[in-house]
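Coordinates from my_file22.txt are shown below (compact mmCIF, C-alpha atoms).
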```txt
# COMPACT_ATOMS: atom_id res chain seq x y z
CA MET P 1 25.66 -29.10 14.79
CA PRO P 2 28.22 -28.39 17.51
CA GLN P 3 29.10 -31.73 19.01
CA SER P 4 29.18 -32.27 22.72
CA SER P 5 32.50 -32.83 24.41
CA PHE P 6 34.46 -36.05 24.45
CA VAL P 7 34.66 -36.80 28.15
CA MET P 8 36.93 -39.41 29.72
CA TYR P 9 36.82 -40.36 33.39
CA GLU P 10 39.60 -41.74 35.54
CA GLU P 11 38.35 -45.35 35.48
CA GLU P 12 37.99 -45.25 31.68
CA TYR P 13 41.50 -43.85 31.41
CA ARG P 14 42.82 -46.67 33.60
CA GLU P 15 41.11 -49.34 31.51
CA ILE P 16 42.46 -47.84 28.27
CA THR P 17 45.94 -47.42 29.71
CA SER P 18 46.05 -51.00 30.90
CA SER P 19 45.20 -52.17 27.36
CA ILE P 20 47.96 -50.11 25.78
CA ASP P 21 50.46 -51.09 28.51
CA LYS P 22 49.73 -54.71 27.65
CA LEU P 23 50.13 -54.02 23.93
CA LEU P 24 53.44 -52.26 24.58
CA LYS P 25 54.81 -55.34 26.32
CA GLU P 26 53.38 -57.98 23.99
CA ALA P 27 54.45 -56.16 20.83
CA ASN P 28 57.89 -55.35 22.23
CA ALA P 29 57.28 -51.77 21.18
CA LYS P 30 59.09 -48.59 22.25
CA CYS P 31 55.92 -46.64 22.89
CA VAL P 32 52.23 -46.67 22.22
CA TYR P 33 49.82 -43.72 21.93
CA LEU P 34 46.09 -43.50 21.69
CA VAL P 35 44.91 -40.34 19.96
CA ASP P 36 41.47 -38.94 19.26
CA LYS P 37 40.67 -38.40 15.55
CA ASP P 38 40.57 -34.65 16.23
CA GLY P 39 44.20 -34.72 17.36
CA GLN P 40 43.90 -34.88 21.16
CA LEU P 41 46.12 -37.29 23.06
CA ILE P 42 44.09 -39.78 25.10
CA ALA P 43 46.75 -42.02 26.64
CA SER P 44 50.32 -43.17 26.15
CA SER P 45 52.71 -45.84 27.36
CA GLY P 46 56.41 -46.69 27.11
CA GLU P 47 59.47 -44.55 26.33
CA THR P 48 57.50 -41.41 25.61
CA ARG P 49 59.80 -38.92 27.29
CA ASP P 50 61.77 -37.85 24.21
CA ILE P 51 58.75 -37.46 21.98
CA ASP P 52 56.55 -34.36 21.91
CA ALA P 53 53.21 -36.11 22.42
CA THR P 54 51.06 -33.07 21.58
CA SER P 55 52.76 -32.68 18.20
CA LEU P 56 52.61 -36.41 17.60
CA ALA P 57 48.87 -36.43 18.30
CA SER P 58 48.04 -33.55 15.98
CA LEU P 59 50.25 -34.81 13.15
CA THR P 60 48.84 -38.33 13.44
CA ALA P 61 45.30 -37.00 13.26
CA GLY P 62 46.28 -34.88 10.24
CA ASN P 63 47.86 -37.94 8.65
CA ILE P 64 44.78 -40.10 9.20
CA ALA P 65 42.52 -37.32 7.94
CA ALA P 66 44.60 -36.84 4.77
CA THR P 67 44.76 -40.59 4.16
CA GLY P 68 41.01 -40.85 4.72
CA GLY P 69 40.51 -38.15 2.10
CA LEU P 70 42.70 -40.12 -0.32
CA ALA P 71 40.72 -43.28 0.38
CA LYS P 72 37.45 -41.56 -0.48
CA LEU P 73 38.97 -40.24 -3.72
CA ILE P 74 39.60 -43.76 -4.97
CA GLY P 75 36.33 -45.12 -3.63
CA GLU P 76 37.59 -46.78 -0.46
CA LYS P 77 35.86 -46.18 2.86
CA GLU P 78 39.15 -45.70 4.67
CA PHE P 79 42.66 -47.09 5.00
CA SER P 80 42.55 -48.56 8.44
CA ILE P 81 46.30 -49.17 8.75
CA LEU P 82 49.26 -46.92 7.92
CA PHE P 83 52.87 -47.93 8.27
CA HIS P 84 55.91 -45.68 8.12
CA GLU P 85 59.30 -47.34 7.98
CA GLY P 86 62.34 -45.47 9.21
CA GLU P 87 66.02 -46.32 9.47
CA LYS P 88 65.77 -47.18 13.16
CA ASP P 89 62.20 -46.60 14.26
CA ASN P 90 58.94 -47.43 12.58
CA ILE P 91 55.40 -46.18 13.16
CA HIS P 92 52.32 -48.35 12.85
CA ILE P 93 49.06 -46.38 12.86
CA SER P 94 45.62 -47.92 12.94
CA LEU P 95 42.08 -46.69 13.30
CA ILE P 96 39.79 -48.12 15.97
CA GLU P 97 36.02 -47.81 15.79
CA GLN P 98 36.43 -44.97 13.25
CA ARG P 99 37.01 -42.81 16.28
CA VAL P 100 40.43 -43.19 17.88
CA ILE P 101 43.89 -43.77 16.46
CA LEU P 102 46.36 -46.28 17.85
CA VAL P 103 50.01 -45.40 17.25
CA VAL P 104 52.77 -47.95 17.90
CA ILE P 105 56.41 -46.94 17.60
CA PHE P 106 58.86 -49.83 17.43
CA ASP P 107 62.44 -50.62 16.44
CA LYS P 108 64.38 -53.76 15.53
CA ARG P 109 63.55 -55.40 18.87
CA SER P 110 60.14 -56.06 17.31
CA SER P 111 58.80 -56.64 13.81
CA LEU P 112 55.94 -55.46 11.65
CA GLY P 113 54.36 -58.92 11.79
CA LEU P 114 54.38 -59.04 15.56
CA VAL P 115 53.08 -55.48 15.87
CA ARG P 116 50.23 -56.15 13.43
CA LEU P 117 49.28 -59.32 15.29
CA ARG P 118 49.26 -57.68 18.71
CA VAL P 119 47.57 -54.53 17.46
CA ARG P 120 44.71 -56.64 16.13
CA LYS P 121 44.17 -58.19 19.53
CA ALA P 122 44.56 -54.92 21.44
CA SER P 123 42.18 -53.17 19.05
CA GLU P 124 39.37 -55.46 20.14
CA ASP P 125 39.90 -54.56 23.79
CA LEU P 126 40.25 -50.87 23.02
CA ALA P 127 37.18 -50.94 20.78
CA ARG P 128 35.16 -52.30 23.69
CA SER P 129 36.46 -49.60 26.02
CA ILE P 130 35.72 -46.86 23.48
CA GLN P 131 32.24 -48.23 22.75
CA LYS P 132 31.50 -48.24 26.46
CA LEU P 133 32.77 -44.69 26.80
CA LEU P 134 30.72 -43.48 23.82
CA ALA P 135 27.61 -45.25 25.11
CA ARG P 136 28.07 -43.62 28.50
CA MET P 137 28.50 -40.24 26.80
CA ALA P 138 25.38 -40.76 24.68
CA GLY P 139 23.43 -41.68 27.79
CA GLY P 140 24.50 -38.47 29.53
CA SER P 141 25.83 -38.41 33.06
CA GLU P 142 25.28 -36.33 36.12
CA LYS P 143 29.04 -36.36 36.65
CA GLU P 144 29.49 -33.93 33.78
CA SER P 145 28.53 -31.00 35.94
CA LEU P 146 32.05 -29.56 35.72
CA LEU P 147 31.10 -27.44 32.73
CA GLU P 148 27.93 -26.13 34.33
CA GLU P 149 29.90 -24.98 37.31
CA ILE P 150 32.23 -22.81 35.25
CA SER P 151 31.35 -19.21 35.99
CA ASP P 152 31.90 -16.13 33.85
CA GLU P 153 34.47 -14.99 36.41
CA ASP P 154 36.41 -18.23 35.95
CA ILE P 155 36.65 -17.52 32.24
CA GLU P 156 37.56 -13.89 32.84
CA LYS P 157 40.26 -14.90 35.33
CA LEU P 158 42.10 -16.93 32.69
CA PHE P 159 43.32 -13.69 31.15
CA ASN P 160 44.35 -11.78 34.23
CA MET H 1 35.11 -31.36 19.60
CA SER H 2 36.42 -30.47 23.01
CA PHE H 3 38.00 -33.23 25.05
CA ILE H 4 37.59 -33.28 28.81
CA ASN H 5 40.03 -35.60 30.51
CA TYR H 6 39.23 -36.24 34.16
CA SER H 7 42.35 -38.31 34.56
CA SER H 8 44.86 -35.61 33.59
CA ARG H 9 42.34 -32.92 34.62
CA GLU H 10 42.42 -31.11 31.31
CA ILE H 11 39.95 -29.39 29.04
CA ASN H 12 41.16 -29.38 25.43
CA CYS H 13 39.59 -27.29 22.67
CA LYS H 14 40.32 -26.72 18.98
CA ILE H 15 40.36 -23.29 17.37
CA VAL H 16 40.82 -22.85 13.61
CA TYR H 17 42.06 -19.70 11.87
CA TYR H 18 40.35 -19.48 8.48
CA GLY H 19 40.70 -16.96 5.66
CA PRO H 20 41.99 -16.30 2.14
CA GLY H 21 45.58 -16.92 1.10
CA LEU H 22 48.16 -14.51 2.55
CA CYS H 23 45.65 -12.87 4.91
CA GLY H 24 47.89 -13.49 7.94
CA LYS H 25 46.63 -16.66 9.64
CA THR H 26 50.11 -18.08 10.12
CA THR H 27 51.34 -14.61 11.17
CA ASN H 28 48.70 -14.58 13.95
CA LEU H 29 49.98 -17.89 15.28
CA GLN H 30 53.61 -16.82 14.99
CA HIS H 31 52.91 -13.72 17.05
CA ILE H 32 51.07 -15.72 19.71
CA TYR H 33 53.97 -18.17 19.78
CA ARG H 34 56.56 -15.42 20.19
CA LYS H 35 54.68 -13.63 22.96
CA THR H 36 53.69 -16.64 25.06
CA ARG H 37 55.71 -17.85 28.05
CA PRO H 38 57.70 -21.01 27.23
CA ASP H 39 55.85 -23.04 29.87
CA ALA H 40 52.47 -22.13 28.38
CA LYS H 41 53.14 -23.22 24.82
CA GLY H 42 54.16 -26.32 22.97
CA LYS H 43 56.10 -26.61 19.75
CA MET H 44 54.65 -24.80 16.77
CA ILE H 45 54.31 -27.08 13.78
CA THR H 46 54.25 -25.61 10.31
CA LEU H 47 53.57 -27.79 7.30
CA ALA H 48 54.48 -25.37 4.54
CA THR H 49 55.85 -25.32 1.02
CA GLU H 50 59.39 -24.20 0.25
CA THR H 51 58.05 -20.71 -0.37
CA GLU H 52 56.55 -20.62 3.12
CA ARG H 53 52.96 -21.00 1.99
CA THR H 54 50.90 -23.22 4.29
CA LEU H 55 50.54 -26.62 2.67
CA PHE H 56 48.42 -28.50 5.20
CA PHE H 57 48.22 -26.64 8.51
CA ASP H 58 50.06 -24.80 11.27
CA PHE H 59 49.54 -26.05 14.78
CA LEU H 60 50.19 -24.35 18.10
CA PRO H 61 49.20 -25.83 21.47
CA LEU H 62 48.58 -23.26 24.20
CA ALA H 63 47.92 -23.71 27.92
CA LEU H 64 45.84 -20.95 29.45
CA GLY H 65 45.59 -21.63 33.15
CA ASP H 66 43.11 -23.47 35.34
CA ILE H 67 39.36 -23.50 35.64
CA LYS H 68 37.88 -25.42 38.56
CA GLY H 69 41.13 -27.35 38.90
CA PHE H 70 41.22 -28.29 35.23
CA LYS H 71 44.01 -27.09 32.96
CA THR H 72 42.64 -25.42 29.83
CA ARG H 73 44.49 -26.23 26.65
CA PHE H 74 43.76 -24.73 23.27
CA HIS H 75 44.97 -26.23 20.04
CA LEU H 76 45.27 -23.50 17.42
CA TYR H 77 45.25 -24.53 13.77
CA THR H 78 45.40 -22.56 10.54
CA VAL H 79 44.06 -23.80 7.23
CA PRO H 80 45.95 -23.37 3.95
CA GLY H 81 44.36 -20.30 2.36
CA GLN H 82 45.09 -20.98 -1.30
CA ILE H 83 41.97 -21.97 -3.20
CA PHE H 84 43.28 -25.28 -4.54
CA TYR H 85 43.93 -26.69 -1.07
CA ASP H 86 40.22 -27.02 -0.35
CA ALA H 87 40.36 -30.74 0.47
CA SER H 88 42.88 -30.02 3.25
CA ARG H 89 40.83 -27.11 4.61
CA LYS H 90 37.83 -29.35 4.97
CA LEU H 91 39.82 -31.88 7.01
CA ILE H 92 41.15 -29.28 9.43
CA LEU H 93 37.65 -28.09 10.31
CA LYS H 94 36.87 -31.53 11.75
CA GLY H 95 36.16 -31.30 15.45
CA VAL H 96 36.46 -27.50 15.54
CA ASP H 97 35.23 -25.69 18.66
CA GLY H 98 35.77 -22.10 17.53
CA ILE H 99 36.79 -20.17 14.41
CA VAL H 100 38.70 -16.96 13.78
CA PHE H 101 37.98 -15.66 10.30
CA VAL H 102 40.96 -13.54 9.26
CA ALA H 103 40.12 -11.08 6.49
CA ASP H 104 42.64 -9.17 4.39
CA SER H 105 41.63 -5.49 4.57
CA GLN H 106 43.11 -4.54 1.20
CA ALA H 107 40.55 -3.47 -1.41
CA GLU H 108 42.02 -5.84 -3.99
CA ARG H 109 41.45 -8.80 -1.65
CA MET H 110 37.75 -8.20 -1.06
CA ASP H 111 36.66 -10.85 -3.54
CA ALA H 112 39.09 -13.34 -1.98
CA ASN H 113 37.65 -12.57 1.48
CA ILE H 114 34.11 -13.17 0.33
CA GLU H 115 35.04 -16.33 -1.51
CA SER H 116 36.86 -17.70 1.54
CA PHE H 117 33.98 -16.82 3.87
CA GLU H 118 31.49 -18.63 1.62
CA ASN H 119 33.90 -21.54 1.30
CA MET H 120 34.11 -21.76 5.09
CA LYS H 121 30.34 -22.03 5.38
CA VAL H 122 30.21 -24.78 2.77
CA ASN H 123 33.06 -26.73 4.36
CA LEU H 124 31.49 -26.43 7.81
CA GLU H 125 28.23 -27.79 6.46
CA ASP H 126 30.12 -30.69 4.89
CA GLN H 127 31.37 -31.52 8.38
CA GLY H 128 27.88 -31.31 9.81
CA TYR H 129 28.20 -27.85 11.36
CA ASN H 130 26.29 -24.68 10.81
CA LEU H 131 28.22 -21.42 11.13
CA SER H 132 25.47 -19.90 13.26
CA GLN H 133 26.06 -22.59 15.88
CA VAL H 134 29.85 -22.41 15.98
CA PRO H 135 31.52 -19.69 18.09
CA TYR H 136 33.42 -17.41 15.73
CA VAL H 137 34.99 -13.99 15.52
CA VAL H 138 36.22 -11.90 12.60
CA GLN H 139 39.58 -10.17 12.38
CA TYR H 140 40.22 -7.41 9.83
CA ASN H 141 43.93 -7.74 9.32
CA LYS H 142 46.47 -5.50 7.59
CA ARG H 143 44.83 -2.28 8.79
CA ASP H 144 48.16 -0.50 8.29
CA LEU H 145 48.16 -0.88 4.52
CA PRO H 146 47.27 2.14 2.36
CA SER H 147 44.62 0.29 0.35
CA ALA H 148 42.76 -0.91 3.46
CA VAL H 149 39.00 -0.75 3.01
CA PRO H 150 37.10 1.15 5.78
CA VAL H 151 36.07 -1.23 8.56
CA GLU H 152 32.38 -0.34 8.17
CA GLU H 153 32.49 -1.67 4.64
CA LEU H 154 34.23 -4.89 5.67
CA LYS H 155 31.71 -5.40 8.46
CA LYS H 156 28.81 -5.11 6.06
CA VAL H 157 30.16 -7.86 3.86
CA LEU H 158 31.98 -10.19 6.25
CA ASN H 159 30.13 -9.78 9.50
CA PRO H 160 26.42 -9.51 8.79
CA GLU H 161 25.69 -11.43 11.99
CA GLY H 162 27.52 -8.86 14.11
CA VAL H 163 29.82 -11.32 15.91
CA PRO H 164 32.76 -9.80 17.82
CA ASP H 165 35.27 -8.35 15.36
CA PHE H 166 38.71 -6.81 15.62
CA GLU H 167 41.07 -4.63 13.66
CA ALA H 168 44.57 -6.05 13.48
CA VAL H 169 48.06 -5.69 12.14
CA ALA H 170 49.20 -9.25 12.82
CA SER H 171 52.74 -8.59 11.59
CA ASP H 172 53.36 -6.30 14.57
CA GLY H 173 50.91 -8.05 16.87
CA ALA H 174 48.17 -5.43 17.07
CA GLY H 175 44.79 -7.06 17.70
CA VAL H 176 46.13 -10.61 17.77
CA PHE H 177 45.63 -11.35 21.46
CA GLU H 178 42.34 -9.44 21.61
CA THR H 179 41.07 -11.76 18.90
CA LEU H 180 42.38 -14.87 20.64
CA LYS H 181 40.99 -13.93 24.04
CA THR H 182 37.53 -13.37 22.65
CA ILE H 183 37.35 -16.64 20.73
CA VAL H 184 38.63 -18.53 23.78
CA LYS H 185 35.89 -16.94 25.90
CA LEU H 186 33.21 -17.73 23.33
CA VAL H 187 34.37 -21.35 23.11
CA LEU H 188 34.26 -21.79 26.88
CA ILE H 189 30.85 -20.15 27.12
CA GLU H 190 29.55 -22.46 24.39
CA LEU H 191 31.06 -25.45 26.16
CA LYS H 192 29.26 -24.45 29.32
CA LYS H 193 25.99 -24.00 27.45
CA SER H 194 26.21 -27.40 25.77
CA SER H 195 26.68 -29.28 29.04
```

In structure tokens, write the structure found in this file.
Amino acid sequence: MPQSSFVMYEEEYREITSSIDKLLKEANAKCVYLVDKDGQLIASSGETRDIDATSLASLTAGNIAATGGLAKLIGEKEFSILFHEGEKDNIHISLIEQRVILVVIFDKRSSLGLVRLRVRKASEDLARSIQKLLARMAGGSEKESLLEEISDEDIEKLFN
Amino acid sequence: MSFINYSSREINCKIVYYGPGLCGKTTNLQHIYRKTRPDAKGKMITLATETERTLFFDFLPLALGDIKGFKTRFHLYTVPGQIFYDASRKLILKGVDGIVFVADSQAERMDANIESFENMKVNLEDQGYNLSQVPYVVQYNKRDLPSAVPVEELKKVLNPEGVPDFEAVASDGAGVFETLKTIVKLVLIELKKSS
């Protein structure tokens, strides 16, 4: 069944961004990303300028998908946390509500323990935001008229 | 699943290139990458083996201009075509909005085409989709090769539903953008319908 779109409004974006801004500060991280499981970037915070966020989002989603496949192979439901340790920077990846992926990049100014602790707290806030968003989407909304307004000419014009 | 972001005013969609091994999925993306203005494309990611066979996926983000003040962005993915990478193929179909089935026109690849097409249907169903409800197009690639099967014959086997189909020589770019344009249109039309 083709799924309907994942729609995020300005106020939802602000709420999510304020949660990840807070996590960034409390975890002493370099940057934080929130990514949809399908590989779309939802929000980011911190020193993100030098990182290609689109690539990061798609690779993270691929990573989570591959790890999820591995989990099923050995009879686990999922691996909810992944950690990659580098020479300078580390990546902590966790799954929220089975739906979105929280990515925290940090260096020696922080530690895995601190990141795990803060991620746990932030995940609760983010889970609430995502649940609200999904509930609003399930309930439908008259604001989603954008798509209805798209005309055939609009689509045609994209290629001229 | 498309993602509509009112904050950044973007519509994001996912298109997957599917087909048997060595049919030219990666070549399609490489051509699109080469011929697209730098400001309209992101980095192309290729997760391949040392012998340049796709291991997990290729990924190319494309920006296609505005609709009603929203930027349209398309994320193009290829699946690994080799039979034994089926677990990876299944994962890449997650959240797909449109599919390009790339067939290899050579007579000796007919069985591989059919097997891949059937495999695509099964994998879509595993993800909760039904091919008849997903926008898709078919591309008959490698039309320049001497052993290419007549298009009518390919159509009969690989396009019984009569979806839009295209002849292509992806290595020199013929048919690549025609295919892309049509799938993009179909995805947007479907998006509009589902609202």

Residues of chain P within 8 Å of chain H, counting only C-alpha atoms, as a VMD selection string: chain P and resid 1 to 10 13 38 40 42 54 to 55 58 62 65 to 66 69 144 to 148 150 152 154 to 156 158 to 159

Closest of H:Tyr140, H:Val187, H:Thr51, H:Val122 to H:Arg89 - atom-to-atom distances counting all atoms listed in the file: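 Comparing H:Tyr140, H:Val187, H:Thr51, H:Val122 against H:Arg89, the winner is H:Val122.
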
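Residue nearest P:Glu12, chosen from P:Ala138, P:Cys31, P:Ile64, P:Leu126 and counting all atoms listed in the file: P:Leu126.
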
Interatomic distance (Å, one decimal) between atom CA of P:Asn28 and atom CA of P:Glu15: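 The value is 20.1 Å.
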
Residue contacts of H:Asn119 (12 Å, all atoms listed in the file) excluding same-chain residues fewer than 4 positions away, as a PyMOL selection string: chain H and resi 18-20+79+81-87+89-90+93+101+112-115+123-126+131

Complete stretch 128-163 of chain H with N, CA and C atoms (output as a compact mmCIF listing (two decimals), in the frame of the given file).
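So part-v1.txt came out as:
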```
# COMPACT_ATOMS: atom_id res chain seq x y z
N GLY H 128 29.05 -31.20 8.95
CA GLY H 128 27.88 -31.31 9.81
C GLY H 128 27.69 -30.14 10.76
N TYR H 129 28.37 -29.03 10.51
CA TYR H 129 28.20 -27.85 11.36
C TYR H 129 27.39 -26.80 10.61
N ASN H 130 26.92 -25.84 11.39
CA ASN H 130 26.29 -24.68 10.81
C ASN H 130 26.98 -23.47 11.44
N LEU H 131 27.44 -22.54 10.61
CA LEU H 131 28.22 -21.42 11.13
C LEU H 131 27.51 -20.72 12.29
N SER H 132 26.19 -20.63 12.21
CA SER H 132 25.47 -19.90 13.26
C SER H 132 25.57 -20.60 14.62
N GLN H 133 25.98 -21.86 14.60
CA GLN H 133 26.06 -22.59 15.88
C GLN H 133 27.49 -22.79 16.36
N VAL H 134 28.44 -22.28 15.58
CA VAL H 134 29.85 -22.41 15.98
C VAL H 134 30.33 -21.04 16.47
N PRO H 135 30.98 -20.97 17.65
CA PRO H 135 31.52 -19.69 18.09
C PRO H 135 32.55 -19.20 17.08
N TYR H 136 32.38 -17.95 16.61
CA TYR H 136 33.42 -17.41 15.73
C TYR H 136 33.55 -15.91 15.87
N VAL H 137 34.73 -15.42 15.52
CA VAL H 137 34.99 -13.99 15.52
C VAL H 137 35.63 -13.64 14.18
N VAL H 138 35.63 -12.35 13.85
CA VAL H 138 36.22 -11.90 12.60
C VAL H 138 37.35 -10.94 12.91
N GLN H 139 38.45 -11.09 12.21
CA GLN H 139 39.58 -10.17 12.38
C GLN H 139 39.88 -9.49 11.03
N TYR H 140 39.86 -8.16 11.05
CA TYR H 140 40.22 -7.41 9.83
C TYR H 140 41.70 -7.11 9.93
N ASN H 141 42.48 -7.86 9.20
CA ASN H 141 43.93 -7.74 9.32
C ASN H 141 44.49 -6.75 8.30
N LYS H 142 45.74 -6.40 8.50
CA LYS H 142 46.47 -5.50 7.59
C LYS H 142 45.87 -4.10 7.57
N ARG H 143 45.42 -3.62 8.73
CA ARG H 143 44.83 -2.28 8.79
C ARG H 143 45.84 -1.19 8.46
N ASP H 144 47.12 -1.52 8.52
CA ASP H 144 48.16 -0.50 8.29
C ASP H 144 48.41 -0.23 6.80
N LEU H 145 47.84 -1.05 5.94
CA LEU H 145 48.16 -0.88 4.52
C LEU H 145 47.33 0.24 3.88
N PRO H 146 47.94 0.97 2.93
CA PRO H 146 47.27 2.14 2.36
C PRO H 146 45.95 1.81 1.66
N SER H 147 45.85 0.60 1.09
CA SER H 147 44.62 0.29 0.35
C SER H 147 43.57 -0.38 1.23
N ALA H 148 43.72 -0.26 2.56
CA ALA H 148 42.76 -0.91 3.46
C ALA H 148 41.37 -0.29 3.31
N VAL H 149 40.40 -1.16 3.15
CA VAL H 149 39.00 -0.75 3.01
C VAL H 149 38.48 -0.30 4.39
N PRO H 150 37.63 0.75 4.47
CA PRO H 150 37.10 1.15 5.78
C PRO H 150 36.41 -0.04 6.48
N VAL H 151 36.59 -0.10 7.80
CA VAL H 151 36.07 -1.23 8.56
C VAL H 151 34.56 -1.40 8.38
N GLU H 152 33.85 -0.26 8.32
CA GLU H 152 32.38 -0.34 8.17
C GLU H 152 32.00 -1.16 6.94
N GLU H 153 32.77 -0.96 5.87
CA GLU H 153 32.49 -1.67 4.64
C GLU H 153 32.77 -3.18 4.78
N LEU H 154 33.87 -3.47 5.45
CA LEU H 154 34.23 -4.89 5.67
C LEU H 154 33.17 -5.57 6.53
N LYS H 155 32.73 -4.85 7.55
CA LYS H 155 31.71 -5.40 8.46
C LYS H 155 30.47 -5.80 7.69
N LYS H 156 30.05 -4.90 6.80
CA LYS H 156 28.81 -5.11 6.06
C LYS H 156 28.87 -6.44 5.31
N VAL H 157 30.03 -6.70 4.72
CA VAL H 157 30.16 -7.86 3.86
C VAL H 157 30.52 -9.13 4.64
N LEU H 158 31.42 -8.99 5.62
CA LEU H 158 31.98 -10.19 6.25
C LEU H 158 31.44 -10.47 7.64
N ASN H 159 30.65 -9.53 8.16
CA ASN H 159 30.13 -9.78 9.50
C ASN H 159 28.67 -9.35 9.62
N PRO H 160 27.84 -9.91 8.75
CA PRO H 160 26.42 -9.51 8.79
C PRO H 160 25.75 -9.93 10.11
N GLU H 161 26.29 -10.94 10.75
CA GLU H 161 25.69 -11.43 11.99
C GLU H 161 26.10 -10.58 13.20
N GLY H 162 27.08 -9.71 13.01
CA GLY H 162 27.52 -8.86 14.11
C GLY H 162 28.21 -9.63 15.23
N VAL H 163 29.03 -10.62 14.88
CA VAL H 163 29.82 -11.32 15.91
C VAL H 163 30.97 -10.37 16.31
```
